[in-house]
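So the structure is just underneath, and the comments pick up after that.
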Amino acid sequence: MQFIDQARISVRGGRGGDGIVAFRREKYVPAGGPSGGDGGQGADVVLEADSNLQTLLDFKYKRLFAGIDGRRGGPNRCTGASGPPLVIKVPCGTEVRHLSTGIVLGDLTTHEERLTVAFGGRGGLGNAHYLSNRNRAPEKCTEGRDGEEWPLQLELKLLAEVGIIGLPNAGKSTLISVLSAARPKIADYPFTTLIPNLGVVRRPTGDGTVFADIPGLIAGAAQGAGLGHDFLRHIERTRLLIHLVDGGAEDPLLDLRVVEKELEAYGHGLVERPRILVINKQELIQEEDLDGIVSALTEVSGRTPLLISAAMSRGLDDMLDRVWSELGI
């Protein structure tokens, strides 16, 4: 399944039904008078969050969603049928914006939460509405109105409490695969993670916490370089970030600064987000270099890093204890 996290669509409410001109013609009812009914309401277009969906893939193949038109009115003051709402399923975490103005119309984060994005047109009036003392046989009715039509931008932002960030090949996918049942692609070359991966990690209370593995950032990601800029939005909702640094890299301090700079450039409050600094691949660090790396990272970041080896499952309990503490669990 393709992971699509952005889509542009157009929505159009149904047109209201027309009112009609009609007169009562019944036996023993002289001068029955006007009896034209009103047209039905056009269908609204509604977005509904569905926890079973994980991607906006459906909107890659269909871009226009139009509600059903209301039916025209009938005789004997019968109102035409209204169009049933057109309900469009979207994943939980979908943010809806007006494409032209950029105004946020809604943010669907909970299952079955709904947002009406286009109202149907009002039905026209039948001639029964125009009866008066001066006009006992009106032959006037009105047409139904068109429904609203808007261009929309849909953006999926994953709902995860903890985001794992770092440069490519820092071991993010390995870490989430060890902590949870997620099985992302893992290889010994950069950019093996091309889409965000979610994994559920069991809390001490028995509940699950969602962790998100974000594709690796590189210098210039916030301006569009590499893959990370496309997925930085997915950590906007996280409560806590795990910044993973490759302990076996040539310059772990430079790696730290690159990611910190990209978080600051991207904005949206990410640089102020609570963050745990973790040095991965502990087994690759020479014993005599360990203290120097820890001291340098502590001095630059202001955080004391934790040492782990995701591949060898070392130090993970201490890291999770820190995570639960930061989340208040």
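Following the order of the structure tokens, chains are lettered A, B, ..., residues in each are numbered from 1, and ligands are numbered from 1.
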
### Query
Excluding same-chain residues fewer than 2 positions from Asp246 (chain A), what lies within 7 Å of it counting only C-alpha atoms, as a PyMOL selection string?
chain A and resi 170+244+248-249+252+279-281

Could those residues be written to a file, using N, CA, C and O atoms, as a PDB file, in the first residue's frame?
ATOM      1  N   ALA A 170      20.813   6.206  11.454  1.00  0.00           N
ATOM      2  CA  ALA A 170      21.099   6.339  12.891  1.00  0.00           C
ATOM      3  C   ALA A 170      20.565   5.153  13.680  1.00  0.00           C
ATOM      4  O   ALA A 170      20.904   4.995  14.849  1.00  0.00           O
ATOM      5  N   LEU A 244      17.926  10.426  18.032  1.00  0.00           N
ATOM      6  CA  LEU A 244      18.886   9.331  17.961  1.00  0.00           C
ATOM      7  C   LEU A 244      20.137   9.788  17.221  1.00  0.00           C
ATOM      8  O   LEU A 244      20.060  10.294  16.098  1.00  0.00           O
ATOM      9  N   GLY A 248      28.571   5.544  16.113  1.00  0.00           N
ATOM     10  CA  GLY A 248      29.684   5.114  15.273  1.00  0.00           C
ATOM     11  C   GLY A 248      29.975   6.051  14.125  1.00  0.00           C
ATOM     12  O   GLY A 248      30.823   5.742  13.273  1.00  0.00           O
ATOM     13  N   ALA A 249      29.295   7.219  14.077  1.00  0.00           N
ATOM     14  CA  ALA A 249      29.513   8.181  12.987  1.00  0.00           C
ATOM     15  C   ALA A 249      30.876   8.859  13.143  1.00  0.00           C
ATOM     16  O   ALA A 249      31.478   8.858  14.218  1.00  0.00           O
ATOM     17  N   PRO A 252      29.719  12.589  15.607  1.00  0.00           N
ATOM     18  CA  PRO A 252      28.383  12.613  16.212  1.00  0.00           C
ATOM     19  C   PRO A 252      27.925  14.016  16.588  1.00  0.00           C
ATOM     20  O   PRO A 252      26.730  14.311  16.530  1.00  0.00           O
ATOM     21  N   ILE A 279      22.304   8.162  22.340  1.00  0.00           N
ATOM     22  CA  ILE A 279      23.414   7.725  21.483  1.00  0.00           C
ATOM     23  C   ILE A 279      23.215   6.240  21.192  1.00  0.00           C
ATOM     24  O   ILE A 279      23.220   5.411  22.099  1.00  0.00           O
ATOM     25  N   ASN A 280      23.040   5.919  19.925  1.00  0.00           N
ATOM     26  CA  ASN A 280      22.819   4.536  19.507  1.00  0.00           C
ATOM     27  C   ASN A 280      24.134   3.918  19.023  1.00  0.00           C
ATOM     28  O   ASN A 280      25.124   4.611  18.812  1.00  0.00           O
ATOM     29  N   LYS A 281      24.105   2.613  18.819  1.00  0.00           N
ATOM     30  CA  LYS A 281      25.264   1.856  18.337  1.00  0.00           C
ATOM     31  C   LYS A 281      26.435   1.965  19.308  1.00  0.00           C
ATOM     32  O   LYS A 281      27.597   2.216  18.921  1.00  0.00           O
TER      33      LYS A 281
END

### Task
Go through region 69-134 of chain A and collect every residue that DSSP, computed from the backbone, puts in helix (DSSP H, G or I); the answer should be as a list in words.
Asn127, Ala128, His129 and Tyr130 of chain A

Residues of region 264-286 of chain A that have any atom at most 12 Å from an atom of region 298-301 of chain A: could you tabulate them with the shortest-distance atom pair and the distance in Å to one decimal, using only C-alpha atoms, ordered by chain and increasing number, as CSV?
residue,atom,partner,partner_atom,distance
A:Val271,CA,A:Ser301,CA,11.4
A:Arg275,CA,A:Ser301,CA,10.2
A:Ile276,CA,A:Ser301,CA,10.3
A:Leu277,CA,A:Ser301,CA,8.4
A:Val278,CA,A:Thr298,CA,10.8
A:Ile279,CA,A:Thr298,CA,11.1

Write out as a tab-separated table the residues of region 92-132 of chain A that have any atom within 7 Å of an atom of region 141-162 of chain A, one row each with the nearest atom pair and its distance in Å to one decimal, counting only C-alpha atoms, sorted by chain and then rising number.
residue	atom	partner	partner_atom	distance
A:Gly93	CA	A:Lys157	CA	5.2
A:Thr94	CA	A:Leu156	CA	4.4
A:Glu95	CA	A:Glu155	CA	5.1
A:Val96	CA	A:Leu154	CA	4.9
A:Arg97	CA	A:Gln153	CA	5.1
A:His98	CA	A:Leu152	CA	4.8
A:Leu99	CA	A:Leu152	CA	4.8
A:Ala118	CA	A:Glu148	CA	5.2
A:Phe119	CA	A:Glu148	CA	5.6
A:Gly120	CA	A:Gly147	CA	4.3
A:Gly121	CA	A:Gly147	CA	3.9
A:Arg122	CA	A:Arg145	CA	5.4
A:Gly123	CA	A:Gly144	CA	4.4
A:Gly124	CA	A:Gly144	CA	4.1
A:Leu125	CA	A:Thr142	CA	5.2
A:Gly126	CA	A:Cys141	CA	4.9
A:Asn127	CA	A:Cys141	CA	4.9

Now that the selection is made, can you save its residues with N, CA and C atoms as an mmCIF file, in the first residue's frame?
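See selection.cif below for the written result:
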data_model
loop_
_atom_site.group_PDB
_atom_site.id
_atom_site.type_symbol
_atom_site.label_atom_id
_atom_site.label_comp_id
_atom_site.auth_asym_id
_atom_site.auth_seq_id
_atom_site.Cartn_x
_atom_site.Cartn_y
_atom_site.Cartn_z
ATOM 1 N N GLY A 93 -6.366 12.082 12.110
ATOM 2 C CA GLY A 93 -5.168 12.916 12.009
ATOM 3 C C GLY A 93 -5.138 13.754 10.754
ATOM 4 N N THR A 94 -6.250 13.805 10.006
ATOM 5 C CA THR A 94 -6.292 14.575 8.766
ATOM 6 C C THR A 94 -6.649 16.028 9.061
ATOM 7 N N GLU A 95 -5.814 16.920 8.585
ATOM 8 C CA GLU A 95 -6.057 18.352 8.704
ATOM 9 C C GLU A 95 -6.616 18.851 7.383
ATOM 10 N N VAL A 96 -7.674 19.646 7.453
ATOM 11 C CA VAL A 96 -8.378 20.112 6.249
ATOM 12 C C VAL A 96 -8.175 21.618 6.118
ATOM 13 N N ARG A 97 -7.666 22.037 4.957
ATOM 14 C CA ARG A 97 -7.439 23.457 4.681
ATOM 15 C C ARG A 97 -8.139 23.872 3.395
ATOM 16 N N HIS A 98 -8.540 25.141 3.364
ATOM 17 C CA HIS A 98 -9.012 25.712 2.099
ATOM 18 C C HIS A 98 -7.789 25.944 1.225
ATOM 19 N N LEU A 99 -7.808 25.397 0.014
ATOM 20 C CA LEU A 99 -6.609 25.401 -0.811
ATOM 21 C C LEU A 99 -6.172 26.810 -1.188
ATOM 22 N N ALA A 118 -18.863 21.207 2.639
ATOM 23 C CA ALA A 118 -19.638 21.887 1.589
ATOM 24 C C ALA A 118 -21.120 21.645 1.870
ATOM 25 N N PHE A 119 -21.859 22.727 2.027
ATOM 26 C CA PHE A 119 -23.292 22.605 2.293
ATOM 27 C C PHE A 119 -24.059 22.544 0.972
ATOM 28 N N GLY A 120 -25.095 21.728 0.960
ATOM 29 C CA GLY A 120 -25.940 21.629 -0.216
ATOM 30 C C GLY A 120 -26.784 22.879 -0.410
ATOM 31 N N GLY A 121 -27.225 23.079 -1.652
ATOM 32 C CA GLY A 121 -28.041 24.246 -1.972
ATOM 33 C C GLY A 121 -29.446 24.129 -1.407
ATOM 34 N N ARG A 122 -30.041 25.269 -1.144
ATOM 35 C CA ARG A 122 -31.407 25.293 -0.623
ATOM 36 C C ARG A 122 -32.398 25.014 -1.736
ATOM 37 N N GLY A 123 -33.462 24.298 -1.402
ATOM 38 C CA GLY A 123 -34.490 24.008 -2.395
ATOM 39 C C GLY A 123 -35.295 25.236 -2.770
ATOM 40 N N GLY A 124 -35.811 25.272 -3.999
ATOM 41 C CA GLY A 124 -36.639 26.379 -4.451
ATOM 42 C C GLY A 124 -38.029 26.323 -3.837
ATOM 43 N N LEU A 125 -38.749 27.443 -3.917
ATOM 44 C CA LEU A 125 -40.084 27.549 -3.339
ATOM 45 C C LEU A 125 -41.149 27.272 -4.388
ATOM 46 N N GLY A 126 -42.151 26.521 -4.002
ATOM 47 C CA GLY A 126 -43.295 26.300 -4.879
ATOM 48 C C GLY A 126 -44.238 27.490 -4.858
ATOM 49 N N ASN A 127 -45.214 27.474 -5.779
ATOM 50 C CA ASN A 127 -46.090 28.649 -5.888
ATOM 51 C C ASN A 127 -47.025 28.796 -4.699
#

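Proximity of A:Gly315, A:Pro138, A:Gly13, A:Gly73 to Val87 (chain A), computed with only C-alpha atoms, is greatest for A:Gly13.
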
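Counting only C-alpha atoms and comparing A:Val29, A:Ile242, A:Val210, A:Ile68, the residue that lies closest to Gly17 (chain A) is A:Ile68.
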
### Query
Hey, what's within 12 Å of Arg314 (chain A) if we count only C-alpha atoms and toss same-chain stuff fewer than 2 positions away? As an NGL selection string, please?
:A and (175 or 178-179 or 279-283 or 306-312 or 316-320)

Residues as selected, C-alpha atoms, written as a compact mmCIF listing (two decimals), in the first residue's frame, can you do that?
# COMPACT_ATOMS: atom_id res chain seq x y z
CA LEU A 175 14.93 0.78 17.46
CA VAL A 178 12.96 -3.89 18.78
CA LEU A 179 10.54 -1.90 20.93
CA ILE A 279 23.41 7.73 21.48
CA ASN A 280 22.82 4.54 19.51
CA LYS A 281 25.26 1.86 18.34
CA GLN A 282 27.14 1.87 21.62
CA GLU A 283 29.02 -1.25 20.55
CA LEU A 306 21.55 7.97 27.15
CA LEU A 307 23.64 5.15 25.73
CA ILE A 308 21.89 2.28 23.96
CA SER A 309 22.46 -0.38 21.35
CA ALA A 310 19.20 -1.06 19.54
CA ALA A 311 20.71 -3.94 17.57
CA MET A 312 21.93 -5.65 20.76
CA LEU A 316 16.47 0.11 26.21
CA ASP A 317 14.84 -0.28 29.63
CA ASP A 318 16.56 2.87 30.92
CA MET A 319 15.51 4.76 27.81
CA LEU A 320 11.87 3.67 28.17

Residues at most 7 Å from Gly40 (chain A), counting only C-alpha atoms, excluding those fewer than 4 positions away in the same chain, as a PDB file with all heavy atoms, in the first residue's frame?
ATOM      1  N   GLY A  16     -30.005  22.363  -4.879  1.00  0.00           N
ATOM      2  CA  GLY A  16     -31.348  22.228  -4.347  1.00  0.00           C
ATOM      3  C   GLY A  16     -32.357  21.965  -5.453  1.00  0.00           C
ATOM      4  O   GLY A  16     -32.196  22.424  -6.590  1.00  0.00           O
ATOM      5  N   GLY A  17     -33.413  21.220  -5.146  1.00  0.00           N
ATOM      6  CA  GLY A  17     -34.458  20.942  -6.128  1.00  0.00           C
ATOM      7  C   GLY A  17     -35.307  22.176  -6.412  1.00  0.00           C
ATOM      8  O   GLY A  17     -35.426  23.079  -5.580  1.00  0.00           O
ATOM      9  N   GLY A  70     -31.044  17.762  -4.774  1.00  0.00           N
ATOM     10  CA  GLY A  70     -32.373  17.556  -4.219  1.00  0.00           C
ATOM     11  C   GLY A  70     -33.397  17.366  -5.339  1.00  0.00           C
ATOM     12  O   GLY A  70     -33.197  17.822  -6.473  1.00  0.00           O
ATOM     13  N   ARG A  71     -34.487  16.716  -5.033  1.00  0.00           N
ATOM     14  CA  ARG A  71     -35.547  16.469  -6.026  1.00  0.00           C
ATOM     15  C   ARG A  71     -36.499  17.666  -6.084  1.00  0.00           C
ATOM     16  O   ARG A  71     -36.678  18.380  -5.095  1.00  0.00           O
ATOM     17  CB  ARG A  71     -36.331  15.205  -5.665  1.00  0.00           C
ATOM     18  CG  ARG A  71     -35.467  13.946  -5.540  1.00  0.00           C
ATOM     19  CD  ARG A  71     -34.880  13.539  -6.872  1.00  0.00           C
ATOM     20  NE  ARG A  71     -35.933  13.116  -7.781  1.00  0.00           N
ATOM     21  CZ  ARG A  71     -36.424  11.884  -7.851  1.00  0.00           C
ATOM     22  NH1 ARG A  71     -35.962  10.950  -7.031  1.00  0.00           N
ATOM     23  NH2 ARG A  71     -37.368  11.586  -8.720  1.00  0.00           N
ATOM     24  N   ARG A  72     -37.117  17.858  -7.228  1.00  0.00           N
ATOM     25  CA  ARG A  72     -38.076  18.952  -7.371  1.00  0.00           C
ATOM     26  C   ARG A  72     -39.324  18.663  -6.554  1.00  0.00           C
ATOM     27  O   ARG A  72     -39.637  17.523  -6.212  1.00  0.00           O
ATOM     28  CB  ARG A  72     -38.428  19.158  -8.845  1.00  0.00           C
ATOM     29  CG  ARG A  72     -39.211  18.031  -9.466  1.00  0.00           C
ATOM     30  CD  ARG A  72     -39.240  18.159 -10.983  1.00  0.00           C
ATOM     31  NE  ARG A  72     -39.856  19.396 -11.411  1.00  0.00           N
ATOM     32  CZ  ARG A  72     -41.141  19.532 -11.732  1.00  0.00           C
ATOM     33  NH1 ARG A  72     -41.952  18.499 -11.655  1.00  0.00           N
ATOM     34  NH2 ARG A  72     -41.611  20.690 -12.140  1.00  0.00           N
ATOM     35  N   GLY A  73     -40.031  19.754  -6.217  1.00  0.00           N
ATOM     36  CA  GLY A  73     -41.229  19.601  -5.416  1.00  0.00           C
ATOM     37  C   GLY A  73     -42.351  18.906  -6.174  1.00  0.00           C
ATOM     38  O   GLY A  73     -42.270  18.700  -7.399  1.00  0.00           O
ATOM     39  N   THR A  79     -42.980  18.353  -0.567  1.00  0.00           N
ATOM     40  CA  THR A  79     -41.579  18.781  -0.694  1.00  0.00           C
ATOM     41  C   THR A  79     -40.757  17.664  -1.328  1.00  0.00           C
ATOM     42  O   THR A  79     -40.919  16.488  -0.979  1.00  0.00           O
ATOM     43  CB  THR A  79     -40.996  19.120   0.687  1.00  0.00           C
ATOM     44  OG1 THR A  79     -41.776  20.160   1.281  1.00  0.00           O
ATOM     45  CG2 THR A  79     -39.551  19.577   0.577  1.00  0.00           C
ATOM     46  N   GLY A  80     -39.904  18.037  -2.258  1.00  0.00           N
ATOM     47  CA  GLY A  80     -39.044  17.046  -2.898  1.00  0.00           C
ATOM     48  C   GLY A  80     -38.054  16.433  -1.917  1.00  0.00           C
ATOM     49  O   GLY A  80     -37.731  17.018  -0.875  1.00  0.00           O
ATOM     50  N   ALA A  81     -37.577  15.251  -2.255  1.00  0.00           N
ATOM     51  CA  ALA A  81     -36.624  14.559  -1.379  1.00  0.00           C
ATOM     52  C   ALA A  81     -35.296  15.311  -1.339  1.00  0.00           C
ATOM     53  O   ALA A  81     -34.804  15.793  -2.360  1.00  0.00           O
ATOM     54  CB  ALA A  81     -36.405  13.131  -1.867  1.00  0.00           C
ATOM     55  N   SER A  82     -34.726  15.393  -0.145  1.00  0.00           N
ATOM     56  CA  SER A  82     -33.392  15.983   0.015  1.00  0.00           C
ATOM     57  C   SER A  82     -32.323  14.933  -0.274  1.00  0.00           C
ATOM     58  O   SER A  82     -32.528  13.737  -0.038  1.00  0.00           O
ATOM     59  CB  SER A  82     -33.214  16.537   1.426  1.00  0.00           C
ATOM     60  OG  SER A  82     -34.127  17.580   1.690  1.00  0.00           O
ATOM     61  N   GLY A 123     -33.462  24.298  -1.402  1.00  0.00           N
ATOM     62  CA  GLY A 123     -34.490  24.008  -2.395  1.00  0.00           C
ATOM     63  C   GLY A 123     -35.295  25.236  -2.770  1.00  0.00           C
ATOM     64  O   GLY A 123     -35.464  26.159  -1.966  1.00  0.00           O
TER      65      GLY A 123
END
